[in-house]
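Participant: Hey, dropping coords.cif in here, mmCIF, C-alpha atoms:
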data_query
#
loop_
_atom_site.label_atom_id
_atom_site.label_comp_id
_atom_site.auth_asym_id
_atom_site.auth_seq_id
_atom_site.Cartn_x
_atom_site.Cartn_y
_atom_site.Cartn_z
CA MET A 1 -25.71 -3.04 23.42
CA ILE A 2 -23.65 -0.86 21.06
CA LYS A 3 -22.53 2.44 22.61
CA GLN A 4 -20.90 5.61 21.35
CA ARG A 5 -17.62 6.75 22.92
CA ARG A 6 -15.55 9.87 22.40
CA ASN A 7 -12.10 8.34 22.97
CA VAL A 8 -12.49 5.81 20.15
CA ILE A 9 -10.67 5.90 16.80
CA ALA A 10 -12.01 4.12 13.72
CA VAL A 11 -10.04 3.57 10.51
CA LEU A 12 -11.20 2.26 7.15
CA ASP A 13 -8.88 0.62 4.60
CA ILE A 14 -10.75 0.48 1.29
CA GLY A 15 -9.09 -1.88 -1.18
CA SER A 16 -9.98 -3.53 -4.46
CA SER A 17 -10.43 -6.99 -2.93
CA LYS A 18 -11.20 -6.26 0.72
CA ILE A 19 -12.40 -3.54 3.08
CA LEU A 20 -10.94 -3.52 6.58
CA CYS A 21 -12.46 -1.54 9.43
CA SER A 22 -10.62 -1.32 12.76
CA ILE A 23 -11.92 0.33 15.93
CA ALA A 24 -9.41 1.19 18.64
CA LYS A 25 -9.20 2.97 21.96
CA PHE A 26 -6.33 4.21 24.11
CA SER A 27 -5.32 1.70 26.79
CA SER A 28 -4.34 2.57 30.35
CA SER A 29 -0.72 2.81 29.16
CA SER A 30 -1.74 5.41 26.51
CA GLU A 31 -1.24 2.91 23.69
CA LEU A 32 -3.86 2.25 21.06
CA GLU A 33 -5.64 -1.08 21.41
CA VAL A 34 -7.86 -2.53 18.70
CA ILE A 35 -11.13 -3.62 20.28
CA GLY A 36 -12.92 -4.73 17.13
CA TYR A 37 -12.23 -5.18 13.45
CA SER A 38 -13.64 -6.66 10.27
CA ASN A 39 -12.34 -7.96 6.95
CA HIS A 40 -15.05 -7.76 4.32
CA ILE A 41 -15.11 -8.49 0.59
CA SER A 42 -14.91 -5.31 -1.48
CA GLU A 43 -17.53 -4.63 -4.15
CA GLY A 44 -17.88 -1.67 -6.49
CA ILE A 45 -14.22 -0.66 -6.24
CA ARG A 46 -11.48 -1.37 -8.76
CA SER A 47 -7.86 -0.20 -8.53
CA GLY A 48 -8.78 2.36 -5.90
CA ILE A 49 -11.60 3.86 -7.98
CA ILE A 50 -15.28 3.61 -7.08
CA THR A 51 -16.98 1.97 -10.06
CA ASN A 52 -20.38 1.33 -8.49
CA LEU A 53 -21.44 3.77 -5.76
CA GLN A 54 -24.26 1.63 -4.38
CA ALA A 55 -22.20 -1.58 -4.25
CA ALA A 56 -19.24 0.26 -2.68
CA THR A 57 -21.49 1.90 -0.09
CA GLU A 58 -23.05 -1.43 0.86
CA SER A 59 -19.63 -3.09 1.22
CA ILE A 60 -18.34 -0.25 3.38
CA ALA A 61 -21.50 -0.26 5.53
CA GLN A 62 -21.23 -4.00 6.11
CA ALA A 63 -17.56 -3.77 7.08
CA ILE A 64 -18.25 -0.95 9.55
CA GLU A 65 -21.31 -2.70 10.99
CA GLU A 66 -19.31 -5.88 11.61
CA ALA A 67 -16.48 -3.97 13.33
CA GLU A 68 -19.02 -2.10 15.48
CA LYS A 69 -20.64 -5.38 16.47
CA ASN A 70 -17.28 -6.94 17.37
CA SER A 71 -16.23 -3.92 19.44
CA GLY A 72 -19.59 -3.05 20.98
CA ILE A 73 -18.95 0.56 19.93
CA ARG A 74 -20.86 2.70 17.43
CA VAL A 75 -18.70 5.15 15.48
CA SER A 76 -19.76 8.43 13.88
CA ASN A 77 -16.36 9.61 12.59
CA ILE A 78 -13.72 7.68 10.70
CA TYR A 79 -10.30 7.98 9.06
CA VAL A 80 -10.15 6.75 5.46
CA ASN A 81 -7.26 5.70 3.25
CA ILE A 82 -6.50 7.07 -0.22
CA SER A 83 -5.20 4.43 -2.63
CA SER A 84 -1.69 4.93 -3.98
CA ASN A 85 -3.13 4.85 -7.49
CA ASN A 86 -5.03 8.08 -6.73
CA LEU A 87 -2.09 10.01 -5.25
CA ILE A 88 0.17 12.53 -6.96
CA SER A 89 3.52 13.26 -5.32
CA HIS A 90 5.03 16.75 -5.82
CA GLN A 91 8.52 17.75 -4.70
CA LEU A 92 8.39 21.49 -3.99
CA SER A 93 10.50 24.10 -2.21
CA ALA A 94 10.04 27.41 -0.42
CA GLU A 95 12.42 29.98 1.05
CA ILE A 96 12.35 32.98 3.35
CA ASP A 97 14.80 35.60 4.61
CA VAL A 98 15.83 35.15 8.25
CA THR A 99 18.71 37.65 8.38
CA GLY A 100 19.68 39.06 11.76
CA ARG A 101 17.51 36.97 14.04
CA GLU A 102 17.06 33.56 15.57
CA ILE A 103 14.93 31.16 13.55
CA ASN A 104 11.65 30.44 15.33
CA SER A 105 8.69 28.13 14.80
CA LYS A 106 6.75 30.78 12.91
CA ASP A 107 9.51 30.91 10.28
CA MET A 108 9.20 27.19 9.78
CA ASN A 109 5.41 27.48 9.59
CA LYS A 110 5.77 30.21 6.98
CA LEU A 111 7.76 27.89 4.71
CA LEU A 112 5.07 25.21 4.80
CA PHE A 113 2.34 27.80 4.36
CA GLN A 114 4.02 29.02 1.17
CA VAL A 115 4.00 25.51 -0.24
CA LEU A 116 0.41 24.67 0.71
CA ASP A 117 -0.83 28.04 -0.54
CA LYS A 118 0.05 26.96 -4.09
CA TYR A 119 -2.84 24.47 -3.99
CA LYS A 120 -5.47 26.92 -2.78
CA ASP A 121 -7.25 27.27 -6.14
CA GLN A 122 -6.44 23.86 -7.65
CA GLN A 123 -8.90 21.01 -8.11
CA VAL A 124 -7.01 18.73 -5.76
CA GLY A 125 -6.98 18.03 -2.06
CA VAL A 126 -3.69 18.02 -0.14
CA ILE A 127 -3.47 14.76 1.82
CA HIS A 128 0.00 15.08 3.40
CA SER A 129 3.04 17.33 3.36
CA PHE A 130 6.49 16.09 4.41
CA ILE A 131 9.43 18.46 4.88
CA TYR A 132 12.38 16.18 4.18
CA ASP A 133 15.21 18.72 4.13
CA TYR A 134 15.98 22.23 5.40
CA VAL A 135 18.69 24.30 3.72
CA LEU A 136 20.29 27.17 5.64
CA ASP A 137 22.55 29.47 3.61
CA GLY A 138 23.19 26.67 1.12
CA ASN A 139 23.95 24.05 3.78
CA ARG A 140 21.80 20.97 3.30
CA GLY A 141 20.93 18.27 5.79
CA ILE A 142 19.56 20.60 8.46
CA THR A 143 17.00 18.47 10.29
CA ASN A 144 15.72 21.21 12.61
CA PRO A 145 16.78 24.86 12.12
CA LEU A 146 14.91 26.06 15.21
CA GLY A 147 17.10 28.47 17.23
CA MET A 148 19.79 28.76 14.55
CA TYR A 149 21.05 31.91 12.78
CA GLY A 150 21.46 32.53 9.07
CA SER A 151 20.33 34.64 6.15
CA ASN A 152 18.32 32.36 3.88
CA LEU A 153 16.21 29.43 5.05
CA SER A 154 14.56 27.07 2.56
CA CYS A 155 12.94 23.66 2.68
CA GLU A 156 12.15 20.78 0.34
CA VAL A 157 8.70 19.28 0.70
CA ASN A 158 6.93 16.20 -0.63
CA VAL A 159 3.25 17.08 -1.03
CA LEU A 160 0.71 14.32 -1.69
CA VAL A 161 -2.49 15.39 -3.44
CA THR A 162 -5.51 13.62 -4.89
CA PRO A 163 -8.21 14.87 -7.29
CA ASN A 164 -11.20 16.45 -5.54
CA ASN A 165 -13.61 14.04 -7.26
CA ILE A 166 -11.89 11.07 -5.57
CA ILE A 167 -12.49 12.69 -2.18
CA ALA A 168 -16.06 13.66 -3.11
CA ASN A 169 -16.98 10.09 -4.09
CA LEU A 170 -15.49 8.63 -0.92
CA ALA A 171 -17.21 11.27 1.21
CA ASN A 172 -20.49 10.46 -0.52
CA CYS A 173 -20.12 6.76 0.34
CA LEU A 174 -19.35 7.51 3.98
CA SER A 175 -22.16 10.06 4.22
CA LYS A 176 -24.63 7.39 3.09
CA CYS A 177 -23.30 5.30 5.99
CA GLN A 178 -24.00 8.22 8.40
CA LEU A 179 -20.28 8.79 8.95
CA ASP A 180 -18.14 11.92 8.86
CA VAL A 181 -14.55 11.66 7.61
CA ASN A 182 -11.98 12.91 10.11
CA ALA A 183 -9.16 12.86 7.57
CA TYR A 184 -7.89 11.05 4.50
CA ILE A 185 -4.58 9.22 4.80
CA ALA A 186 -2.29 7.96 2.03
CA SER A 187 -2.05 4.15 1.91
CA SER A 188 1.57 4.10 0.74
CA TYR A 189 2.68 6.38 3.59
CA VAL A 190 1.04 4.38 6.38
CA SER A 191 2.21 1.09 4.87
CA GLY A 192 5.70 2.47 5.46
CA MET A 193 4.77 3.43 9.02
CA ALA A 194 3.62 -0.15 9.63
CA CYS A 195 6.34 -2.13 7.82
CA LEU A 196 9.57 -0.10 7.92
CA THR A 197 12.00 0.20 10.80
CA PRO A 198 12.99 3.66 12.11
CA ASN A 199 16.55 3.06 10.88
CA GLU A 200 15.36 2.18 7.36
CA MET A 201 13.26 5.33 7.19
CA LYS A 202 16.19 7.42 8.40
CA MET A 203 18.95 5.92 6.24
CA GLY A 204 16.87 5.50 3.09
CA VAL A 205 14.70 2.70 1.75
CA VAL A 206 12.41 1.92 -1.18
CA LEU A 207 9.02 0.45 -0.30
CA ILE A 208 7.27 -1.58 -2.99
CA GLU A 209 3.69 -2.54 -2.22
CA ILE A 210 1.85 -4.94 -4.52
CA GLY A 211 -1.82 -5.13 -3.63
CA SER A 212 -4.75 -6.70 -5.39
CA GLY A 213 -5.74 -3.89 -7.74
CA CYS A 214 -2.90 -1.39 -7.25
CA SER A 215 0.83 -1.35 -6.71
CA SER A 216 3.01 1.47 -5.42
CA ILE A 217 6.61 2.48 -5.00
CA SER A 218 7.77 4.93 -2.34
CA ILE A 219 11.05 6.39 -1.14
CA PHE A 220 11.70 7.18 2.51
CA ALA A 221 14.76 9.08 3.75
CA ASN A 222 15.55 11.39 6.66
CA SER A 223 12.61 9.72 8.42
CA GLN A 224 10.20 11.22 5.88
CA MET A 225 8.45 10.07 2.72
CA ILE A 226 10.10 11.94 -0.16
CA PHE A 227 8.28 10.32 -3.09
CA THR A 228 5.44 7.94 -3.91
CA ASP A 229 3.51 6.87 -6.98
CA GLY A 230 1.27 4.01 -7.97
CA ILE A 231 -0.16 2.04 -10.88
CA PRO A 232 -3.59 0.37 -11.29
CA VAL A 233 -2.06 -3.11 -11.63
CA GLY A 234 -1.58 -5.75 -8.94
CA GLY A 235 -2.08 -9.34 -7.86
CA HIS A 236 -5.57 -9.46 -9.35
CA HIS A 237 -4.08 -8.95 -12.81
CA ILE A 238 -1.63 -11.82 -12.29
CA THR A 239 -4.55 -14.09 -11.39
CA ASN A 240 -6.54 -12.86 -14.39
CA ASP A 241 -3.58 -13.62 -16.69
CA ILE A 242 -3.43 -17.17 -15.32
CA ALA A 243 -7.16 -17.69 -15.80
CA LYS A 244 -7.06 -16.48 -19.40
CA GLY A 245 -3.75 -18.12 -20.30
CA LEU A 246 -4.73 -21.52 -18.97
CA SER A 247 -8.47 -21.32 -19.77
CA ILE A 248 -9.53 -21.94 -16.17
CA SER A 249 -11.81 -20.13 -13.74
CA TYR A 250 -10.59 -17.10 -11.81
CA GLU A 251 -11.08 -19.01 -8.53
CA ASP A 252 -8.92 -21.92 -9.73
CA ALA A 253 -6.32 -19.48 -11.04
CA GLU A 254 -6.08 -17.75 -7.65
CA ARG A 255 -5.77 -21.10 -5.86
CA ILE A 256 -2.98 -22.51 -8.03
CA LYS A 257 -1.17 -19.14 -7.96
CA ILE A 258 -1.01 -19.32 -4.18
CA LEU A 259 -0.29 -23.06 -3.90
CA TYR A 260 1.96 -23.72 -6.90
CA GLY A 261 2.86 -20.36 -8.44
CA THR A 262 6.32 -18.79 -8.53
CA ALA A 263 7.88 -15.75 -10.16
CA ILE A 264 11.17 -17.65 -10.61
CA SER A 265 10.93 -20.68 -12.91
CA THR A 266 14.55 -21.94 -12.83
CA SER A 267 13.83 -24.56 -10.16
CA ILE A 268 10.85 -26.07 -11.99
CA GLU A 269 11.24 -29.11 -14.19
CA SER A 270 9.68 -28.67 -17.64
CA LYS A 271 7.49 -31.78 -17.26
CA GLU A 272 6.16 -30.93 -13.78
CA ASN A 273 2.35 -30.67 -13.87
CA ILE A 274 -0.52 -29.63 -11.60
CA GLU A 275 -3.66 -31.76 -11.66
CA LEU A 276 -6.79 -29.62 -11.69
CA ALA A 277 -10.24 -31.20 -11.39
CA ALA A 278 -12.46 -30.69 -14.44
CA GLU A 279 -15.72 -28.77 -14.04
CA ASP A 280 -17.57 -31.84 -15.32
CA GLU A 281 -16.88 -34.78 -13.02
CA ASN A 282 -17.14 -37.14 -16.02
CA GLU A 283 -14.17 -35.48 -17.73
CA GLU A 284 -10.50 -36.17 -17.17
CA PRO A 285 -8.63 -33.78 -14.82
CA ASN A 286 -6.79 -30.86 -16.43
CA LEU A 287 -3.01 -31.04 -16.34
CA ILE A 288 -1.44 -27.60 -15.89
CA SER A 289 2.26 -27.12 -16.59
CA ARG A 290 3.98 -25.47 -13.63
CA ALA A 291 6.59 -24.06 -16.02
CA ILE A 292 3.92 -22.28 -18.07
CA LEU A 293 2.24 -21.08 -14.86
CA ALA A 294 5.56 -19.60 -13.73
CA GLU A 295 6.10 -17.91 -17.11
CA ILE A 296 2.71 -16.20 -16.86
CA ILE A 297 3.38 -15.02 -13.30
CA ARG A 298 6.88 -13.81 -14.10
CA ALA A 299 5.79 -11.87 -17.20
CA ARG A 300 3.17 -9.85 -15.34
CA SER A 301 5.38 -9.43 -12.24
CA GLU A 302 8.21 -8.04 -14.35
CA GLU A 303 5.78 -5.65 -16.04
CA VAL A 304 4.58 -4.34 -12.66
CA LEU A 305 8.14 -3.82 -11.42
CA GLU A 306 9.22 -2.13 -14.65
CA LEU A 307 6.26 0.25 -14.51
CA LEU A 308 7.09 1.13 -10.90
CA GLU A 309 10.75 1.67 -11.77
CA HIS A 310 9.71 4.00 -14.60
CA LYS A 311 7.70 6.07 -12.10
CA ILE A 312 10.79 6.61 -9.96
CA ILE A 313 13.10 7.37 -12.89
CA HIS A 314 10.58 9.82 -14.40
CA ALA A 315 10.52 11.71 -11.08
CA GLY A 316 14.31 11.98 -11.05
CA PHE A 317 15.02 9.33 -8.43
CA SER A 318 16.79 5.97 -8.57
CA ILE A 319 16.42 2.56 -6.94
CA ALA A 320 20.16 1.85 -7.27
CA SER A 321 22.03 1.19 -4.01
CA ASN A 322 18.81 1.35 -2.01
CA LYS A 323 17.44 -1.31 0.25
CA ILE A 324 14.00 -2.52 -0.82
CA VAL A 325 11.15 -3.62 1.42
CA LEU A 326 8.41 -5.59 -0.32
CA THR A 327 4.90 -5.63 1.13
CA GLY A 328 1.26 -5.93 0.10
CA GLY A 329 -1.03 -8.89 -0.42
CA SER A 330 1.10 -10.33 -3.24
CA ALA A 331 4.47 -9.90 -1.52
CA ASN A 332 4.45 -13.49 -0.27
CA LEU A 333 4.09 -14.89 -3.80
CA ASN A 334 6.81 -17.50 -4.13
CA GLY A 335 9.88 -16.14 -5.92
CA LEU A 336 8.73 -12.50 -6.05
CA LYS A 337 11.26 -11.34 -3.46
CA GLU A 338 14.06 -12.98 -5.48
CA LEU A 339 12.77 -11.46 -8.73
CA VAL A 340 12.77 -7.96 -7.19
CA GLY A 341 16.31 -8.44 -5.94
CA HIS A 342 17.46 -9.70 -9.33
CA MET A 343 15.83 -6.90 -11.33
CA PHE A 344 17.07 -4.07 -9.13
CA SER A 345 20.34 -5.61 -7.86
CA ALA A 346 19.28 -4.75 -4.34
CA LYS A 347 18.88 -6.33 -0.93
CA VAL A 348 15.20 -7.15 -0.38
CA ARG A 349 13.18 -8.15 2.65
CA ILE A 350 9.49 -8.85 3.15
CA GLY A 351 7.83 -6.14 5.25
CA TYR A 352 5.28 -7.35 7.76
CA PRO A 353 3.22 -4.87 9.81
CA LYS A 354 4.35 -4.29 13.37
CA LEU A 355 2.20 -5.84 16.06
CA ILE A 356 -0.45 -3.67 17.67
CA MET A 357 -2.56 -4.50 20.73
CA GLY A 358 -5.72 -6.32 19.73
CA LEU A 359 -4.34 -7.56 16.41
CA GLU A 360 -1.91 -10.18 17.72
CA SER A 361 -3.85 -12.92 15.90
CA GLU A 362 -3.10 -11.17 12.59
CA GLU A 363 0.69 -11.29 13.04
CA LYS A 364 2.45 -11.37 9.64
CA ASN A 365 -0.85 -10.68 7.87
CA MET A 366 0.07 -8.00 5.35
CA ALA A 367 -3.60 -7.28 4.70
CA PHE A 368 -3.52 -5.24 7.92
CA ALA A 369 -0.50 -3.09 7.04
CA VAL A 370 -2.55 -0.02 6.07
CA SER A 371 -4.83 -0.33 9.11
CA VAL A 372 -1.89 -0.69 11.51
CA GLY A 373 -0.09 2.20 9.82
CA MET A 374 -3.15 4.45 10.00
CA LEU A 375 -3.56 3.79 13.72
CA THR A 376 0.15 4.42 14.30
CA HIS A 377 0.02 7.70 12.36
CA ILE A 378 -3.11 8.90 14.15
CA SER A 379 -1.65 8.01 17.55
CA GLN A 380 1.52 9.99 16.79
CA THR A 381 -0.49 12.95 15.50
CA ILE A 382 -2.64 13.04 18.65
CA ARG A 383 0.47 12.92 20.85
CA ALA A 384 2.10 15.73 18.84
CA ALA A 385 -1.07 17.83 19.07
CA SER A 386 -1.22 17.34 22.84
CA MET A 387 2.28 18.82 23.04
CA GLY A 388 1.32 21.76 20.84
CA LYS A 389 3.21 20.54 17.79
CA ALA A 390 2.09 19.91 14.21
CA ASN A 391 2.98 16.37 13.23
CA GLU A 392 4.53 16.27 9.77
CA GLY A 393 2.47 14.17 7.42
CA SER A 394 -0.78 14.81 9.27
CA SER A 395 -3.97 15.51 7.37
CA SER A 396 -3.82 18.65 5.25
CA LYS A 397 -7.09 20.03 6.62
CA LYS A 398 -5.82 19.88 10.19
CA VAL A 399 -2.33 21.16 9.32
CA TRP A 400 -3.82 24.04 7.32
CA GLN A 401 -6.00 25.09 10.26
CA TRP A 402 -3.10 24.77 12.66
CA LEU A 403 -0.94 26.99 10.46
CA LYS A 404 -3.66 29.60 10.16
CA ASP A 405 -4.11 29.63 13.94
CA ASN A 406 -0.36 30.02 14.56
CA PHE A 407 0.84 31.95 11.53
CA ILE A 408 1.38 35.72 11.61
#
In structure tokens, write the structure found in this file.
Facilitator:
Amino acid sequence: MIKQRRNVIAVLDIGSSKILCSIAKFSSSSELEVIGYSNHISEGIRSGIITNLQAATESIAQAIEEAEKNSGIRVSNIYVNISSNNLISHQLSAEIDVTGREINSKDMNKLLFQVLDKYKDQQVGVIHSFIYDYVLDGNRGITNPLGMYGSNLSCEVNVLVTPNNIIANLANCLSKCQLDVNAYIASSYVSGMACLTPNEMKMGVVLIEIGSGCSSISIFANSQMIFTDGIPVGGHHITNDIAKGLSISYEDAERIKILYGTAISTSIESKENIELAAEDENEEPNLISRAILAEIIRARSEEVLELLEHKIIHAGFSIASNKIVLTGGSANLNGLKELVGHMFSAKVRIGYPKLIMGLESEEKNMAFAVSVGMLTHISQTIRAASMGKANEGSSSKKVWQWLKDNFI
């Protein structure tokens, strides 16, 4: 029998190729434990955009129903991801006068309120806000000005927004599934929560995520996300290029990409071939050149990386001298890690999501990075709220209400 429980958290990762629903509860040690999850094929969604409302709703409903069945729990509220392709990252600042008194929490709230107030009449929803630097009387690098003295206090904030119509379409899908949305959470942020180490986030790191329909690039420093942006191109487009370039089916293209594909062709002999069965059993097998396959994969991979680099440069940032963590469903593509390192002259590692109770069987499965990151973020936010603190990066709706309740 499926029951409803109040201490249960449900998260939904809506992607272009799959929809993951995870249901978790707090264990006796106050850690989140996944008690049921599902991995369902995504329909009606492309590059983070709903293209067919009915198909998307049916896919989401099936994923949730399967997770409910596996957990024995019925959910009525859920946390939902926002694709990186639908996010806009703004770097903003605010300042206040604090002359002659000790800086208190209300001063810090006032800074954030000034920033968020700029979006009050805009056709966007604020998903997260990250204060990544405080400046006191011109002195940067202040991590927490609480209790200090000065004259002028300012902050630099990364605000993530998404168009209201994106939120409205997602809310419509979930409403048709009889679910209320607790909050929307940025995929690129929680991927970092799942795949980056605390030291990487503190010292500075670039996170590149290459999914099926979208790819993103994010910068973390001072333990905060300071920039993110995405493009509607990913592993699906590599597979599509292979299918068109070699005149084979999409399914065969995906299979040979995984089994024989590489983004670095230097180790492949020019005469090395892949034998692919013909659709008609009376015909001779197709011989596919591995060198040509590698050329197709490399061309599209380089394009994706160049587009992501342009996003960072256009925003005034740089990849140079930064460590890079590569994640997403296409991160394990043979040779991609080496190609990233070569293009950006950087040290690169593959980022796997940290283990979480109940998902041990999915160790090193990057498909669960967003789900693990969402649960981690929610757990931290709940702990912060229980201590009377606003967790940076928490949902805008909740932060806004908290500020209004505590702001003079």
Participant: Convert the output of the PyMOL selection byres ((chain A and resi 298) around 10) on the shown file into explicit residues, formatted as a list of chain:residue names.
Facilitator: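 For this structure, the PyMOL selection byres ((chain A and resi 298) around 10) captures A:Ile238, A:Gly261, A:Thr262, A:Ala263, A:Ile264, A:Ser265, A:Ile292, A:Leu293, A:Ala294, A:Glu295, A:Ile296, A:Ile297, A:Ala299, A:Arg300, A:Ser301, A:Glu302, A:Glu303, A:Val304, A:Gly335, A:Leu336, A:Leu339.
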Participant: Could you write out the selected residues, including C-alpha atoms, as a short mmCIF file (atom, residue, chain, number, x, y, z; two decimals), in the frame of the given file?
Facilitator:
data_model
loop_
_atom_site.label_atom_id
_atom_site.label_comp_id
_atom_site.auth_asym_id
_atom_site.auth_seq_id
_atom_site.Cartn_x
_atom_site.Cartn_y
_atom_site.Cartn_z
CA ILE A 238 -1.63 -11.82 -12.29
CA GLY A 261 2.86 -20.36 -8.44
CA THR A 262 6.32 -18.79 -8.53
CA ALA A 263 7.88 -15.75 -10.16
CA ILE A 264 11.17 -17.65 -10.61
CA SER A 265 10.93 -20.68 -12.91
CA ILE A 292 3.92 -22.28 -18.07
CA LEU A 293 2.24 -21.08 -14.86
CA ALA A 294 5.56 -19.60 -13.73
CA GLU A 295 6.10 -17.91 -17.11
CA ILE A 296 2.71 -16.20 -16.86
CA ILE A 297 3.38 -15.02 -13.30
CA ALA A 299 5.79 -11.87 -17.20
CA ARG A 300 3.17 -9.85 -15.34
CA SER A 301 5.38 -9.43 -12.24
CA GLU A 302 8.21 -8.04 -14.35
CA GLU A 303 5.78 -5.65 -16.04
CA VAL A 304 4.58 -4.34 -12.66
CA GLY A 335 9.88 -16.14 -5.92
CA LEU A 336 8.73 -12.50 -6.05
CA LEU A 339 12.77 -11.46 -8.73
#
Participant: Selection in question (the file shown): the PyMOL selection byres ((chain A and resi 174) around 10). Which residues does it include, as JSON, numbers by chain?
Facilitator: {"A": [56, 57, 60, 61, 76, 77, 78, 80, 168, 169, 170, 171, 172, 173, 175, 176, 177, 178, 179, 180, 181]}
Participant: Report as a list in words all protein, DNA and RNA residues lying within 9 Å of stretch 201-203 of chain A, evaluated on all atoms listed in the file, omitting residues in the same chain fewer than 5 positions from it.
Facilitator: Gly192, Met193, Leu196, Ile219, Phe220, Ala221, Asn222, Ser223, Gln224 and Met225 of chain A
Participant: The PyMOL selection byres ((chain A and resi 371) around 10) on the file shown: which residues, as a list of chain:residue names?
Facilitator: A:Ala10, A:Val11, A:Leu12, A:Asp13, A:Ile14, A:Leu20, A:Cys21, A:Ser22, A:Ile23, A:Tyr37, A:Tyr79, A:Val80, A:Asn81, A:Ser187, A:Val190, A:Ser191, A:Ala194, A:Pro353, A:Met366, A:Ala367, A:Phe368, A:Ala369, A:Val370, A:Val372, A:Gly373, A:Met374, A:Leu375, A:Thr376, A:His377
Participant: Show me, as JSON, numbers by chain, the residues that have an atom within 7 Å of stretch 45-52 of chain A when counting all atoms listed in the file, minus same-chain residues fewer than 5 positions from it.
Facilitator: {"A": [15, 16, 83, 85, 86, 213, 214, 232]}
Participant: So, with only C-alpha atoms as the atoms that count, which of A:Ala291, A:Ile274, A:Leu207, A:Ile9 lies closest to A:Ile73?
Facilitator: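 Going through A:Ala291, A:Ile274, A:Leu207, A:Ile9 one by one, the smallest distance to A:Ile73 is for A:Ile9.
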Participant: Name all residues at most 12 Å from A:Asn365 (count only C-alpha atoms; drop same-chain ones fewer than 5 positions away) and give them as a ChimeraX atom specification.
Facilitator: /A:39,194-195,327-332,350-355,359-360,370-372
Participant: Rounded to one decimal place, report the atom CA of A:Ile226-atom CA of A:Lys311 distance in Å.
Facilitator: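 The value is 13.5 Å.
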Participant: Taking the point (8.8, 4.7, -13.0) as given in the file, collect each protein or nucleic acid residue that comes within 12 Å of it, counting all atoms listed in the file, and present the set as a ChimeraX atom specification.
Facilitator: /A:208,215-218,227-231,303-319
Participant: Quick one: pull the distance between atom CA of A:Thr381 and atom CA of A:Gln123, Å, one decimal.
Facilitator: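 A separation of 26.3 Å between them.
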Participant: Which neighbours of A:Glu338 fall inside 10 Å, counting all atoms listed in the file, when residues of the same chain fewer than 3 positions from it are skipped, and could you give them as an NGL selection string?
Facilitator: :A and (263-264 or 334-335 or 341-343 or 345-349)
Participant: Just to confirm, what's the straight-line distance from atom CA of A:Lys120 to atom CA of A:Ile142 in Å (one decimal)?
Facilitator: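 Interatomic distance here is 28.2 Å.
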Participant: Under the rule that only C-alpha atoms are counted, which of A:Leu153, A:Ile35, A:Ile288, A:Ile88 is the nearest residue to A:Ile127?
Facilitator: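 Using only C-alpha atoms, A:Ile127 sits closest to A:Ile88.
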Participant: Could you list, as an mmCIF file with C-alpha atoms, in the frame of the given file, every residue within 12 Å of A:Lys118, counting all atoms listed in the file and ignoring same-chain residues fewer than 6 positions away?
Facilitator:
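Dumped to selection.cif:
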data_model
loop_
_atom_site.group_PDB
_atom_site.id
_atom_site.type_symbol
_atom_site.label_atom_id
_atom_site.label_comp_id
_atom_site.auth_asym_id
_atom_site.auth_seq_id
_atom_site.Cartn_x
_atom_site.Cartn_y
_atom_site.Cartn_z
ATOM 1 C CA HIS A 90 5.030 16.750 -5.820
ATOM 2 C CA LEU A 92 8.390 21.490 -3.990
ATOM 3 C CA SER A 93 10.500 24.100 -2.210
ATOM 4 C CA ALA A 94 10.040 27.410 -0.420
ATOM 5 C CA LEU A 111 7.760 27.890 4.710
ATOM 6 C CA LEU A 112 5.070 25.210 4.800
ATOM 7 C CA VAL A 124 -7.010 18.730 -5.760
ATOM 8 C CA GLY A 125 -6.980 18.030 -2.060
ATOM 9 C CA VAL A 126 -3.690 18.020 -0.140
ATOM 10 C CA VAL A 159 3.250 17.080 -1.030
ATOM 11 C CA VAL A 161 -2.490 15.390 -3.440
#
Participant: Compare A:Cys155, A:Ile96, A:Ala385, A:Ile19 by their minimum atom-to-atom distance to A:His40, counting only C-alpha atoms, and give me the closest one.
Facilitator: A:Ile19
Participant: Please, can stretch 211-217 of chain A be completed to N, CA and C atoms and returned as a JSON list (two decimals), keeping the file's coordinate frame?
Facilitator:
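Output contents, as saved in rebuild-v9.json:
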[["chain", "number", "residue", "atom", "x", "y", "z"],
["A", 211, "GLY", "N", -0.52, -4.74, -4.15],
["A", 211, "GLY", "CA", -1.82, -5.13, -3.63],
["A", 211, "GLY", "C", -2.61, -5.91, -4.66],
["A", 212, "SER", "N", -3.91, -5.97, -4.46],
["A", 212, "SER", "CA", -4.75, -6.70, -5.39],
["A", 212, "SER", "C", -4.97, -5.93, -6.69],
["A", 213, "GLY", "N", -5.44, -4.68, -6.56],
["A", 213, "GLY", "CA", -5.74, -3.89, -7.74],
["A", 213, "GLY", "C", -4.76, -2.79, -8.05],
["A", 214, "CYS", "N", -3.88, -2.48, -7.09],
["A", 214, "CYS", "CA", -2.90, -1.39, -7.25],
["A", 214, "CYS", "C", -1.55, -1.82, -6.72],
["A", 215, "SER", "N", -0.52, -1.18, -7.24],
["A", 215, "SER", "CA", 0.83, -1.35, -6.71],
["A", 215, "SER", "C", 1.45, 0.03, -6.56],
["A", 216, "SER", "N", 2.39, 0.17, -5.64],
["A", 216, "SER", "CA", 3.01, 1.47, -5.42],
["A", 216, "SER", "C", 4.48, 1.33, -5.13],
["A", 217, "ILE", "N", 5.20, 2.42, -5.34],
["A", 217, "ILE", "CA", 6.61, 2.48, -5.00],
["A", 217, "ILE", "C", 6.85, 3.81, -4.28]]
